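K.L.:
final-v5.cif is the file, holding mmCIF, C-alpha atoms (C1' of nucleotides):
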```
data_query
#
loop_
_atom_site.label_atom_id
_atom_site.label_comp_id
_atom_site.auth_asym_id
_atom_site.auth_seq_id
_atom_site.Cartn_x
_atom_site.Cartn_y
_atom_site.Cartn_z
CA MET A 1 32.76 -12.25 43.70
CA GLU A 2 35.50 -13.90 45.72
CA ARG A 3 35.65 -13.69 49.49
CA ILE A 4 36.78 -10.30 50.84
CA ALA A 5 37.36 -9.23 54.46
CA VAL A 6 36.30 -5.63 55.12
CA ILE A 7 37.87 -4.16 58.25
CA ASP A 8 37.71 -0.98 60.27
CA PHE A 9 39.70 0.15 63.30
CA GLU A 10 38.78 2.70 65.92
CA THR A 11 41.93 4.09 67.55
CA ASN A 12 42.99 6.83 69.95
CA GLY A 13 44.91 8.73 67.27
CA LEU A 14 46.12 8.78 63.71
CA ALA A 15 49.51 7.07 63.74
CA PRO A 16 50.27 3.85 65.63
CA GLY A 17 52.95 3.95 68.30
CA SER A 18 53.48 3.45 72.01
CA HIS A 19 50.78 6.01 72.88
CA CYS A 20 48.53 5.44 69.87
CA ARG A 21 46.84 2.08 69.49
CA ALA A 22 43.73 0.37 68.22
CA THR A 23 40.74 0.51 70.55
CA GLU A 24 38.18 -1.44 68.51
CA ILE A 25 38.14 -3.61 65.41
CA ALA A 26 35.39 -5.00 63.24
CA VAL A 27 35.65 -7.39 60.30
CA VAL A 28 32.87 -8.49 57.96
CA LEU A 29 33.32 -11.23 55.40
CA LEU A 30 31.75 -10.74 51.97
CA GLU A 31 31.17 -13.71 49.75
CA ASN A 32 29.24 -13.81 46.48
CA GLY A 33 28.03 -10.29 47.13
CA ARG A 34 26.65 -11.10 50.59
CA LEU A 35 27.75 -10.45 54.15
CA VAL A 36 28.34 -13.97 55.49
CA ASP A 37 30.16 -13.48 58.82
CA ARG A 38 31.39 -10.78 61.18
CA TYR A 39 33.78 -10.19 64.09
CA GLN A 40 33.82 -7.18 66.40
CA SER A 41 35.51 -6.33 69.69
CA LEU A 42 36.77 -3.46 71.77
CA MET A 43 40.36 -3.99 72.93
CA ASN A 44 42.44 -2.72 75.80
CA ALA A 45 45.98 -1.68 74.84
CA GLY A 46 46.50 0.39 78.00
CA VAL A 47 46.29 3.71 76.20
CA TRP A 48 44.39 6.88 77.01
CA ILE A 49 41.57 8.17 74.78
CA PRO A 50 41.57 11.98 74.50
CA SER A 51 38.20 13.61 75.03
CA ASP A 52 37.78 14.74 71.41
CA ILE A 53 38.26 11.20 70.14
CA GLU A 54 35.95 9.87 72.85
CA ARG A 55 33.27 12.26 71.59
CA LEU A 56 33.94 11.22 67.99
CA THR A 57 33.76 7.45 68.49
CA GLY A 58 31.70 7.11 71.66
CA ILE A 59 34.42 4.77 72.96
CA SER A 60 35.43 5.87 76.46
CA ASN A 61 38.36 5.08 78.72
CA ARG A 62 35.85 3.44 81.04
CA MET A 63 34.71 1.08 78.26
CA LEU A 64 38.30 0.05 77.54
CA LYS A 65 38.97 -0.82 81.20
CA THR A 66 36.74 -3.87 80.90
CA ALA A 67 37.64 -4.69 77.28
CA PRO A 68 39.69 -7.82 76.50
CA PRO A 69 43.46 -7.42 76.05
CA VAL A 70 44.62 -6.15 72.67
CA ALA A 71 46.78 -9.23 71.99
CA GLN A 72 43.83 -11.58 72.47
CA VAL A 73 41.56 -9.52 70.22
CA MET A 74 44.12 -9.09 67.46
CA ARG A 75 44.93 -12.82 67.49
CA GLU A 76 41.21 -13.59 67.14
CA ALA A 77 40.78 -10.99 64.38
CA ALA A 78 43.84 -12.21 62.47
CA ASP A 79 42.66 -15.81 62.74
CA PHE A 80 39.18 -14.74 61.62
CA VAL A 81 40.61 -13.00 58.53
CA GLY A 82 43.25 -15.62 57.74
CA SER A 83 44.59 -15.08 54.24
CA THR A 84 41.36 -13.48 52.94
CA PRO A 85 42.07 -10.37 50.81
CA LEU A 86 41.38 -7.17 52.77
CA LEU A 87 39.49 -3.95 52.08
CA ALA A 88 39.03 -0.79 54.13
CA HIS A 89 37.89 2.79 53.59
CA ASN A 90 41.08 4.88 53.33
CA ALA A 91 42.99 1.62 53.67
CA SER A 92 46.32 3.34 54.23
CA PHE A 93 45.06 4.19 57.72
CA ASP A 94 43.76 0.73 58.70
CA LYS A 95 46.76 -0.97 57.06
CA LYS A 96 49.12 0.96 59.36
CA PHE A 97 47.29 -0.23 62.47
CA TRP A 98 46.74 -3.81 61.19
CA ASP A 99 50.44 -4.17 60.42
CA TYR A 100 51.52 -2.50 63.67
CA GLU A 101 49.26 -4.58 65.93
CA LEU A 102 50.09 -7.83 64.10
CA GLY A 103 53.78 -6.96 64.28
CA LEU A 104 53.56 -6.78 68.07
CA LEU A 105 52.26 -10.36 67.96
CA GLY A 106 55.13 -11.44 65.73
CA ARG A 107 52.75 -11.92 62.81
CA GLN A 108 52.86 -10.49 59.32
CA ARG A 109 50.20 -9.60 56.76
CA THR A 110 50.38 -11.66 53.58
CA GLN A 111 47.48 -10.20 51.57
CA ASP A 112 46.90 -6.86 49.84
CA PHE A 113 44.49 -4.14 50.95
CA ALA A 114 41.94 -2.74 48.54
CA CYS A 115 40.67 0.76 49.37
CA SER A 116 37.03 1.76 48.93
CA MET A 117 37.97 5.45 49.16
CA LEU A 118 40.46 5.28 46.26
CA LEU A 119 37.95 3.24 44.27
CA ALA A 120 35.09 5.65 45.04
CA ARG A 121 37.22 8.60 43.89
CA ARG A 122 37.61 6.82 40.55
CA LEU A 123 34.13 5.32 40.16
CA LEU A 124 32.10 8.11 41.83
CA PRO A 125 34.02 11.26 40.88
CA HIS A 126 30.89 13.44 41.20
CA ALA A 127 30.14 12.54 44.83
CA PRO A 128 30.02 15.58 47.16
CA ASN A 129 33.09 14.17 48.90
CA HIS A 130 34.51 10.70 49.54
CA LYS A 131 33.99 10.36 53.28
CA LEU A 132 32.42 7.02 54.16
CA GLY A 133 29.29 8.52 55.73
CA THR A 134 28.73 10.99 52.91
CA LEU A 135 29.00 8.28 50.25
CA ASN A 136 26.59 6.03 52.13
CA SER A 137 23.96 8.78 52.44
CA TRP A 138 24.49 10.04 48.90
CA LEU A 139 24.05 6.55 47.48
CA GLY A 140 21.05 5.79 49.69
CA LEU A 141 22.73 2.74 51.22
CA PRO A 142 21.28 1.25 54.43
CA ALA A 143 21.98 2.88 57.80
CA THR A 144 24.24 0.58 59.83
CA GLY A 145 24.27 2.15 63.28
CA ARG A 146 26.36 4.73 65.09
CA ALA A 147 29.00 6.17 62.75
CA HIS A 148 32.60 5.91 63.97
CA ARG A 149 31.98 2.64 65.74
CA ALA A 150 33.92 -0.16 64.08
CA LEU A 151 31.08 -2.52 63.13
CA ALA A 152 28.82 0.23 61.76
CA ASP A 153 31.65 1.69 59.69
CA THR A 154 32.76 -1.75 58.48
CA GLU A 155 29.23 -2.57 57.32
CA MET A 156 29.02 0.83 55.59
CA ALA A 157 32.30 0.12 53.80
CA ALA A 158 31.05 -3.35 52.87
CA ASN A 159 27.82 -1.93 51.44
CA LEU A 160 29.83 0.68 49.54
CA MET A 161 32.13 -2.04 48.21
CA LEU A 162 29.12 -4.06 46.98
CA HIS A 163 27.69 -0.94 45.34
CA LEU A 164 30.98 -0.25 43.53
CA ALA A 165 31.22 -3.89 42.42
CA GLY A 166 27.65 -3.61 41.09
CA LEU A 167 28.60 -0.46 39.14
CA LEU A 168 31.53 -2.24 37.55
CA GLN A 169 29.38 -5.24 36.64
CA ARG A 170 26.14 -3.58 35.53
CA GLN A 171 27.32 -0.28 34.07
CA HIS A 172 30.72 -1.27 32.77
CA GLY A 173 30.26 -4.93 31.91
CA VAL A 174 32.99 -6.29 34.15
CA ALA A 175 32.18 -10.00 34.41
CA GLU A 176 34.19 -10.78 37.54
CA VAL A 177 35.04 -8.12 40.13
CA SER A 178 38.07 -9.63 41.82
CA HIS A 179 40.12 -8.19 44.68
CA GLY A 180 43.05 -8.13 42.28
CA LEU A 181 41.10 -5.98 39.81
CA LEU A 182 40.13 -3.56 42.61
CA CYS A 183 43.79 -3.24 43.66
CA GLN A 184 44.80 -2.59 40.05
CA LEU A 185 42.09 0.04 39.53
CA GLN A 186 42.95 1.96 42.70
CA LYS A 187 46.60 2.21 41.64
CA GLN A 188 45.81 3.65 38.20
CA PRO A 189 45.53 7.43 37.72
CA ALA A 190 41.90 8.56 37.98
CA ALA A 191 41.89 9.88 34.40
CA LYS A 192 43.09 6.54 33.07
CA VAL A 193 40.38 4.67 34.98
CA ALA A 194 37.76 7.15 33.73
CA ALA A 195 38.89 6.54 30.13
CA TRP A 196 38.80 2.77 30.67
CA LEU A 197 35.28 2.92 32.16
CA SER A 198 34.07 5.24 29.43
CA ALA A 199 35.33 2.86 26.74
CA ARG A 200 33.36 0.04 28.38
CA GLY A 201 30.17 2.13 28.31
CA HIS A 202 27.80 3.46 30.98
"C1'" DT B 1 46.52 14.76 81.05
"C1'" DG B 2 46.82 14.30 76.31
"C1'" DC B 3 50.80 14.62 72.90
"C1'" DC B 4 50.25 13.15 67.40
"C1'" DA B 5 50.88 11.06 60.44
"C1'" DG B 6 51.09 9.93 55.86
"C1'" DG B 7 49.62 8.34 51.19
"C1'" DC B 8 47.01 10.02 47.41
"C1'" DC B 9 45.92 13.50 44.11
"C1'" DC B 10 45.36 17.98 41.92
"C1'" DT B 11 47.60 22.03 40.07
"C1'" DC B 12 48.70 28.34 39.79
"C1'" DT B 13 53.49 21.15 39.53
"C1'" DT B 14 57.59 18.18 38.62
"C1'" DT B 15 63.82 21.76 42.55
"C1'" DA B 16 56.16 22.14 45.75
"C1'" DG B 17 52.24 23.03 48.31
"C1'" DG B 18 48.00 21.96 50.11
"C1'" DG B 19 43.42 19.52 50.54
"C1'" DC B 20 41.34 15.05 51.34
"C1'" DC B 21 40.57 11.02 54.33
"C1'" DT B 22 41.21 7.95 58.33
"C1'" DT B 23 40.91 8.47 64.45
#
```
Mind converting the file's structure to structure tokens?
P.N.:
Amino acid sequence: MERIAVIDFETNGLAPGSHCRATEIAVVLLENGRLVDRYQSLMNAGVWIPSDIERLTGISNRMLKTAPPVAQVMREAADFVGSTPLLAHNASFDKKFWDYELGLLGRQRTQDFACSMLLARRLLPHAPNHKLGTLNSWLGLPATGRAHRALADTEMAANLMLHLAGLLQRQHGVAEVSHGLLCQLQKQPAAKVAAWLSARGH
DNA sequence: TGCCAGGCCCTCTTTAGGGCCTT
């Protein structure tokens, strides 16, 4: 499998803006089905973390006070990713923040995002639900640390991605699981993907 | 101190509504 960059943001809210920014990012690079490199950092964008989100992520306002500036972290993360194709769990969320934070640096994304949630809905329709943590437990994938911290969630998404790639290869005979194929699959209606998988055999 | 969104997908749909998923 080609190189893929799996990313996850922790933020202080759901939609980027002047009061809602990224607070932590993690990136892991997958190559030939293995995790080959990683980047992780808290970042200080000068925003306040509400108490409910602090409880959710474990990232406190105190922790952000000593974190490096957001511009420095996002430059490092963007340089780390380069033009590598991206993947995230519920990528529409991380894509918003990636594009917003890069935009503030005058930079622009050039690669597509694949989404492990959209793919899991198509490839694992019988899962109890398609939350990242649920899928990881349900599939018996390795524990990666405290949920809702960026690196732990990124590694969970990476393990999920490798599991889905394995399903496509072993159960459905897909010779090469490319990022382009993942992006195509996630755009197709679930019923159409199910029919395509069924025709390839289980 | 703490406000807050939006794309996807199903169906009791398509001139819409609501749940899922991310923090």
K.L.:
Residue by residue, what does the PyMOL selection byres ((chain A and resi 28) around 9) grab here? Present the result as an NGL selection string.
P.N.:
:A and (4-7 or 26-27 or 29-30 or 35-40 or 81 or 151 or 154-155 or 158)
K.L.:
Can you write just those residues out, C-alpha atoms, as a CSV table (one decimal), in the coordinates of the input?
P.N.:
```csv
chain,number,residue,atom,x,y,z
A,4,ILE,CA,36.8,-10.3,50.8
A,5,ALA,CA,37.4,-9.2,54.5
A,6,VAL,CA,36.3,-5.6,55.1
A,7,ILE,CA,37.9,-4.2,58.2
A,26,ALA,CA,35.4,-5.0,63.2
A,27,VAL,CA,35.6,-7.4,60.3
A,29,LEU,CA,33.3,-11.2,55.4
A,30,LEU,CA,31.8,-10.7,52.0
A,35,LEU,CA,27.8,-10.4,54.2
A,36,VAL,CA,28.3,-14.0,55.5
A,37,ASP,CA,30.2,-13.5,58.8
A,38,ARG,CA,31.4,-10.8,61.2
A,39,TYR,CA,33.8,-10.2,64.1
A,40,GLN,CA,33.8,-7.2,66.4
A,81,VAL,CA,40.6,-13.0,58.5
A,151,LEU,CA,31.1,-2.5,63.1
A,154,THR,CA,32.8,-1.8,58.5
A,155,GLU,CA,29.2,-2.6,57.3
A,158,ALA,CA,31.0,-3.4,52.9
```
K.L.:
Run the PyMOL selection byres ((chain A) within 9 of (chain B)) mentally over the shown coordinates, then write out the matched residues as a ChimeraX atom specification, using the chain letters and numbers from the document.
P.N.:
/A:9-16,19-20,48-51,53,56-57,89-94,117-118,129-131,148,189-190
K.L.:
Measure the distance from atom CA of Gly180 of chain A to atom CA of Trp196 of chain A in Å and round it to one decimal.
P.N.:
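If I compute the distance from atom CA of Gly180 of chain A to atom CA of Trp196 of chain A, I get 16.5 Å.
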K.L.:
Once the PyMOL selection byres ((chain A and resi 119) around 12) is applied to the coordinates I shared, what remains selected? I want it as a count of residues only.
P.N.:
43
K.L.:
Closest to Glu54 of chain A among A:Thr23, A:Asn136, A:Thr84, A:Asn32, using all atoms listed in the file?
P.N.:
A:Thr23
K.L.:
Can you work out the spacing between atom CA of Asn44 of chain A and atom CA of Met156 of chain A in Å, to one decimal?
P.N.:
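Taking atom CA of Asn44 of chain A and atom CA of Met156 of chain A, their separation equals 24.5 Å.
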K.L.:
Report the distance between atom CA of His172 of chain A and atom CA of Asp153 of chain A in Å, rounded to one decimal place.
P.N.:
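Computing the Euclidean distance for atom CA of His172 of chain A and atom CA of Asp153 of chain A yields 27.1 Å.
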K.L.:
Using all atoms listed in the file, which protein or nucleic acid residues come within 12 Å of Leu102 of chain A? Drop anything in the same chain fewer than 5 positions from it, and give the result as a PyMOL selection string.
P.N.:
chain A and resi 16+21-22+70-79+94-97+107-110
